[in-house]
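Below is one structure; the comments refer to it alone.
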Amino acid sequence: MHILIFTWKDLGVPDVCEALEKIGCTYKCVSSEHLRERSSPEFDQLFERVFDAEPYDGVFTLNFSPVLSNNCNKRNVPYIAFVYDSPLVQLYSVSLVNPCNRIFIFDKVLYQEFKQAQIPTVYYAPLAVNTARMERQLKNLDLEEDGGGGRTIRENYTCDISFLGSMYNEKPAFFDRIKNLPPYIEGYLDAAMAAQRQVWGQWFIEELLTPDVIKAMQDGLAPARVTPNPDGVETVSWLFANVFLARKIAATERRELLAAVSEHFETWLYTPAFTPELPRVRNRGPVDYYRYMPFVFAGSRINLNITLRSIRSGIPLRAMDIMGAGGFLLSNYQSEFYELFTPGEDMEIFYSGEDMIRKCDYYLKHDALRCQMAANGCGKVKEKHTYEVRMKEILEAVFG
């Protein structure tokens with residue numbers, strides 16, 4: 001089977017390619033900055049030139065591309081998209097229903113919503129990890145790190161608690177672009193977000209955005225406005241909830257949880273932005289996904305996962321990567337952990353900030369148990385959630 005892969009700065013493409021080689025498929029990778037556009041004559045020309053050069057059984061991307069879907073639909077060739085981002089506004093393009101599509105979504109609740117809307121082009125598939133790549137990298141843990149002052153890689157990445165991810169404190173943040181909200185609207189939104197932070201496993205904040213609240217938020221953005229894409233079916237309330245408010249909640253939640261845990265334990269943070277509001281947290285800056293991330297997860301005694309709330313039930317890539325690297329995972333509640341893993345045996349779940357601190361204390365004091373659980377989680381990822389396993393399942397679902 002010969003697969004054409006399009007990409008533009010996507011995480012995981014080398015891992016997909018390695019998996020395809022292992023299962024006996026061939027592929028060609030093409031990079032295009034126009035891949036994320038809704039329509040593009042430049043991309044149309046590129047697709048025609050590449051696709052006509054040799055025969056392909058299917059076309060593949062990580063995340064969904066409307067412009068690619070439309071090109072595949074014209075040629076009647078299967079288009080396979082493996083989605084790892086949420087929210088992904090492109091999923092609400094009208095091109096979602098193109099019959100050429102086979103779109104694999106890692107969030108089961110979102111997948112079920114599309115199925116209930118009688119959209120036949122969506123499938124469910126949890127995210128995957130290239131554990132073989134990580135194993136190759138982790139053999140270097142005891143080598144001296146370049147620029148590490150004579151310290152080994154293991155020494156430079158060993159800590160009690162760590163979190164790797166965005167703090168959503170970019171300037172200006174989406175929500176902070178909204179100016180001059182009436183006091184009662186501002187209070188209403190603060191209360192709505194505070195209520196949402198108390199509940200894991202259900203995303204209800206969009207339902208609280210009444211027409212008056214949406215109008216006030218739009219007025220606060222003037223002269224800019226939030227508008228759906230011309231070829232999209234997403235609503236203004238969906239965009240405000242899943243882009244503006246979800247990130248604001250994540251910024252607050254991650255800041256508060258990291259501040260709380262750092263009062264008790266050594267806590268390291270890997271993120272691109274400065275965090276002066278977290279004086280007890282050691283911010284080590286961003287790390288390269290391929291070169292250094294496995295060292296972070298393997299070196300941290302406890303790896304935190306704090307999921308963006310727009311991921312309704314699915315297990316985010318961070319959590320899968322932590323377990324795939326052999327790290328111990330302590331995550332907020334996501335229902336699919338109970339479907340794909342065994343909390344308390346493969347990883348652990350916290351249900352509040354206080355519960356997180358209690359469990360950090362417990363597992364830091366029980367090294368053998370923590371290491372055994374990390375090994376259990378890694379073993380399950382190797383057995384059921386590698387890219388090789390997932391690509392076999394995906395291709396079987398598409399081609400039979």
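Identifiers for the structure tokens are assigned positionally: chains receive A, B, ... in sequence, residues are indexed from 1 per chain, and ligands are indexed from 1 in the order shown.
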Determine, using only C-alpha atoms, which residues of stretch 125-226 of chain A have any atom at most 12 Å from an atom of stretch 309-325 of chain A, and tabulate each with its shortest atom pair and distance in Å to one decimal place, rows ordered by chain and then rising number, as CSV.
```
residue,atom,partner,partner_atom,distance
A:Ala125,CA,A:Gly314,CA,9.7
A:Pro126,CA,A:Ile315,CA,7.3
A:Leu127,CA,A:Leu317,CA,6.4
A:Ala128,CA,A:Met320,CA,6.9
A:Val129,CA,A:Asp321,CA,6.0
A:Asn130,CA,A:Gly324,CA,7.5
A:Thr131,CA,A:Gly324,CA,5.5
A:Ala132,CA,A:Gly324,CA,9.2
A:Arg133,CA,A:Ala325,CA,9.4
A:Met134,CA,A:Ala325,CA,6.0
A:Glu135,CA,A:Ala325,CA,7.4
A:Arg136,CA,A:Ala325,CA,10.5
A:Gln137,CA,A:Ala325,CA,9.6
A:Leu138,CA,A:Ala325,CA,8.1
A:Lys139,CA,A:Ala325,CA,11.5
A:Ser162,CA,A:Ile322,CA,11.0
A:Phe163,CA,A:Arg318,CA,9.7
A:Leu164,CA,A:Arg318,CA,7.9
A:Gly165,CA,A:Arg318,CA,8.1
A:Ser166,CA,A:Arg318,CA,11.2
A:Met193,CA,A:Arg309,CA,10.8
A:Gln196,CA,A:Arg309,CA,8.8
A:Arg197,CA,A:Arg309,CA,8.8
A:Gln198,CA,A:Arg309,CA,11.5
A:Val199,CA,A:Arg309,CA,9.9
A:Trp200,CA,A:Arg309,CA,8.1
A:Gly201,CA,A:Ser313,CA,6.4
A:Gln202,CA,A:Arg312,CA,6.7
A:Trp203,CA,A:Arg312,CA,6.5
A:Phe204,CA,A:Arg309,CA,10.1
A:Ile205,CA,A:Arg309,CA,10.0
A:Glu206,CA,A:Ser310,CA,10.4
```
Atoms kept (N, CA, C and O atoms) for selection, written as a tab-separated table (two decimals), in the first residue's frame:
```
chain	number	residue	atom	x	y	z
A	125	ALA	N	-10.53	6.75	17.40
A	125	ALA	CA	-9.22	6.12	17.55
A	125	ALA	C	-8.43	6.88	18.60
A	125	ALA	O	-8.16	8.08	18.43
A	126	PRO	N	-8.03	6.23	19.71
A	126	PRO	CA	-7.19	6.91	20.70
A	126	PRO	C	-5.83	7.28	20.09
A	126	PRO	O	-5.41	6.71	19.08
A	127	LEU	N	-5.18	8.23	20.72
A	127	LEU	CA	-3.88	8.67	20.24
A	127	LEU	C	-2.82	7.59	20.47
A	127	LEU	O	-3.05	6.61	21.17
A	128	ALA	N	-1.65	7.79	19.87
A	128	ALA	CA	-0.64	6.74	19.84
A	128	ALA	C	0.74	7.32	20.17
A	128	ALA	O	0.94	8.53	20.15
A	129	VAL	N	1.68	6.40	20.45
A	129	VAL	CA	3.04	6.77	20.86
A	129	VAL	C	4.03	5.89	20.10
A	129	VAL	O	3.77	4.70	19.88
A	130	ASN	N	5.16	6.47	19.74
A	130	ASN	CA	6.25	5.68	19.17
A	130	ASN	C	7.17	5.26	20.31
A	130	ASN	O	8.17	5.91	20.60
A	131	THR	N	6.82	4.18	20.99
A	131	THR	CA	7.61	3.74	22.14
A	131	THR	C	8.98	3.24	21.72
A	131	THR	O	9.94	3.36	22.50
A	132	ALA	N	9.12	2.73	20.52
A	132	ALA	CA	10.43	2.27	20.05
A	132	ALA	C	11.40	3.44	19.94
A	132	ALA	O	12.57	3.33	20.32
A	133	ARG	N	10.92	4.56	19.41
A	133	ARG	CA	11.77	5.75	19.33
A	133	ARG	C	12.19	6.21	20.72
A	133	ARG	O	13.35	6.55	20.96
A	134	MET	N	11.24	6.24	21.62
A	134	MET	CA	11.56	6.68	22.98
A	134	MET	C	12.57	5.76	23.65
A	134	MET	O	13.49	6.21	24.34
A	135	GLU	N	12.42	4.47	23.45
A	135	GLU	CA	13.38	3.52	24.03
A	135	GLU	C	14.79	3.78	23.50
A	135	GLU	O	15.77	3.72	24.24
A	136	ARG	N	14.89	4.05	22.20
A	136	ARG	CA	16.21	4.34	21.63
A	136	ARG	C	16.81	5.60	22.27
A	136	ARG	O	18.01	5.63	22.58
A	137	GLN	N	15.98	6.60	22.47
A	137	GLN	CA	16.48	7.84	23.07
A	137	GLN	C	16.86	7.66	24.53
A	137	GLN	O	17.88	8.19	24.99
A	138	LEU	N	16.06	6.93	25.26
A	138	LEU	CA	16.27	6.80	26.71
A	138	LEU	C	17.49	5.97	27.06
A	138	LEU	O	17.93	5.97	28.21
A	139	LYS	N	18.06	5.27	26.09
A	139	LYS	CA	19.32	4.57	26.34
A	139	LYS	C	20.46	5.56	26.60
A	139	LYS	O	21.51	5.17	27.12
A	162	SER	N	6.69	17.48	37.67
A	162	SER	CA	6.84	18.34	36.50
A	162	SER	C	5.54	18.43	35.73
A	162	SER	O	4.68	17.56	35.81
A	163	PHE	N	5.42	19.54	34.99
A	163	PHE	CA	4.33	19.71	34.03
A	163	PHE	C	4.93	20.28	32.76
A	163	PHE	O	5.68	21.26	32.81
A	164	LEU	N	4.58	19.69	31.64
A	164	LEU	CA	5.04	20.14	30.34
A	164	LEU	C	3.81	20.56	29.53
A	164	LEU	O	2.92	19.75	29.28
A	165	GLY	N	3.78	21.82	29.13
A	165	GLY	CA	2.66	22.28	28.33
A	165	GLY	C	2.49	23.77	28.38
A	165	GLY	O	3.17	24.48	29.12
A	166	SER	N	1.54	24.27	27.60
A	166	SER	CA	1.27	25.70	27.55
A	166	SER	C	0.57	26.17	28.83
A	166	SER	O	-0.26	25.45	29.39
A	193	MET	N	-16.99	30.25	34.72
A	193	MET	CA	-15.70	29.57	34.61
A	193	MET	C	-15.30	28.92	35.92
A	193	MET	O	-14.73	27.82	35.94
A	196	GLN	N	-17.23	25.72	36.12
A	196	GLN	CA	-16.67	24.70	35.23
A	196	GLN	C	-15.40	24.10	35.81
A	196	GLN	O	-15.15	22.89	35.65
A	197	ARG	N	-14.59	24.90	36.50
A	197	ARG	CA	-13.35	24.37	37.07
A	197	ARG	C	-13.62	23.35	38.18
A	197	ARG	O	-12.73	22.55	38.49
A	198	GLN	N	-14.82	23.37	38.73
A	198	GLN	CA	-15.14	22.41	39.80
A	198	GLN	C	-15.61	21.06	39.26
A	198	GLN	O	-15.78	20.12	40.03
A	199	VAL	N	-15.84	20.98	37.95
A	199	VAL	CA	-16.43	19.77	37.37
A	199	VAL	C	-15.54	19.23	36.27
A	199	VAL	O	-15.28	19.91	35.28
A	200	TRP	N	-15.05	18.02	36.46
A	200	TRP	CA	-14.32	17.31	35.41
A	200	TRP	C	-15.26	16.30	34.77
A	200	TRP	O	-16.09	15.69	35.43
A	201	GLY	N	-15.13	16.11	33.48
A	201	GLY	CA	-15.90	15.08	32.79
A	201	GLY	C	-17.15	15.59	32.13
A	201	GLY	O	-17.85	14.82	31.46
A	202	GLN	N	-17.47	16.87	32.28
A	202	GLN	CA	-18.63	17.44	31.60
A	202	GLN	C	-18.31	18.88	31.23
A	202	GLN	O	-17.89	19.67	32.08
A	203	TRP	N	-18.52	19.22	29.97
A	203	TRP	CA	-18.21	20.55	29.45
A	203	TRP	C	-19.54	21.24	29.21
A	203	TRP	O	-20.24	20.98	28.24
A	204	PHE	N	-19.91	22.14	30.11
A	204	PHE	CA	-21.24	22.74	30.05
A	204	PHE	C	-21.22	24.25	29.81
A	204	PHE	O	-22.27	24.87	29.71
A	205	ILE	N	-20.05	24.85	29.73
A	205	ILE	CA	-20.00	26.31	29.73
A	205	ILE	C	-20.62	26.93	28.48
A	205	ILE	O	-21.16	28.05	28.54
A	206	GLU	N	-20.60	26.22	27.36
A	206	GLU	CA	-21.22	26.77	26.15
A	206	GLU	C	-22.71	27.00	26.36
A	206	GLU	O	-23.30	27.95	25.84
```
Item to check | For A:Glu21: contacts at 12 Å, only C-alpha atoms, fewer than 6 positions along chain excluded, given as JSON, numbers by chain | outcome: {"A": [1, 2, 3, 14, 15, 27, 28, 387, 388, 391, 392]}
Checklist entry - Mind checking DSSP for stretch 164-270 of chain A and telling me the strand (DSSP E) residues as a PyMOL selection string? => result chain A and resi 164+267-270
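Near A:Thr235, within a cut-off of 12 Å and counting only C-alpha atoms, sit the residues Val89, Tyr92, Ser93, Glu206, Leu209, Ile214, Val226, Thr227, Pro228, Asn229, Pro230, Asp231, Gly232, Val233, Ser237, Trp238, Leu239, Phe240, Ala241, Asn242 and Val243 of chain A, with same-chain residues fewer than 2 positions away left out.
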Checklist entry - So, counting only C-alpha atoms, which residue among A:Lys359, A:Lys115, A:Arg36, A:Lys171 is closest to A:Thr7? => result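 When distances to A:Thr7 are compared using only C-alpha atoms, the smallest one comes from A:Arg36.
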Next on the checklist: Give me the residues near A:Glu37 as a ChimeraX atom specification, where near means some atom within 9 Å (using only C-alpha atoms) and where sequence neighbours in that chain fewer than 5 positions away do not count.
Outcome noted: /A:43,65-67
Deliver the residues from the most recent selection as a file, using N, CA and C atoms, as an mmCIF file, in the first residue's frame.
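After the write, out.cif holds the following:
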```
data_model
loop_
_atom_site.group_PDB
_atom_site.id
_atom_site.type_symbol
_atom_site.label_atom_id
_atom_site.label_comp_id
_atom_site.auth_asym_id
_atom_site.auth_seq_id
_atom_site.Cartn_x
_atom_site.Cartn_y
_atom_site.Cartn_z
ATOM 1 N N PHE A 43 -2.304 25.323 -3.160
ATOM 2 C CA PHE A 43 -2.328 23.925 -2.710
ATOM 3 C C PHE A 43 -2.958 23.024 -3.776
ATOM 4 N N SER A 65 -7.687 18.559 7.237
ATOM 5 C CA SER A 65 -7.458 19.678 6.321
ATOM 6 C C SER A 65 -8.602 19.771 5.318
ATOM 7 N N PRO A 66 -9.448 20.810 5.399
ATOM 8 C CA PRO A 66 -10.537 20.956 4.421
ATOM 9 C C PRO A 66 -10.050 21.065 2.981
ATOM 10 N N VAL A 67 -8.966 21.810 2.744
ATOM 11 C CA VAL A 67 -8.508 21.967 1.369
ATOM 12 C C VAL A 67 -8.016 20.642 0.798
#
```
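Across A:Leu68, A:Val59, A:Leu245, A:Val281, the tightest approach to A:Ala192 is made by A:Leu245 when counting only C-alpha atoms.
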Item to check | Sel. of helix (DSSP H, G or I) residues, stretch 73-274 of chain A, as a PyMOL selection string | outcome: chain A and resi 73-75+89-92+94-97+108-116+131-138+153-156+175-177+183-197+205-208+211-221+236-262
Next on the checklist: Show me, as an MDAnalysis selection string, the residues that have an atom within 12 Å of A:Leu278 when counting only C-alpha atoms, minus same-chain residues fewer than 2 positions from it.
Outcome noted: chainID A and resid 167 252 254:263 267:269 273:276 280:283
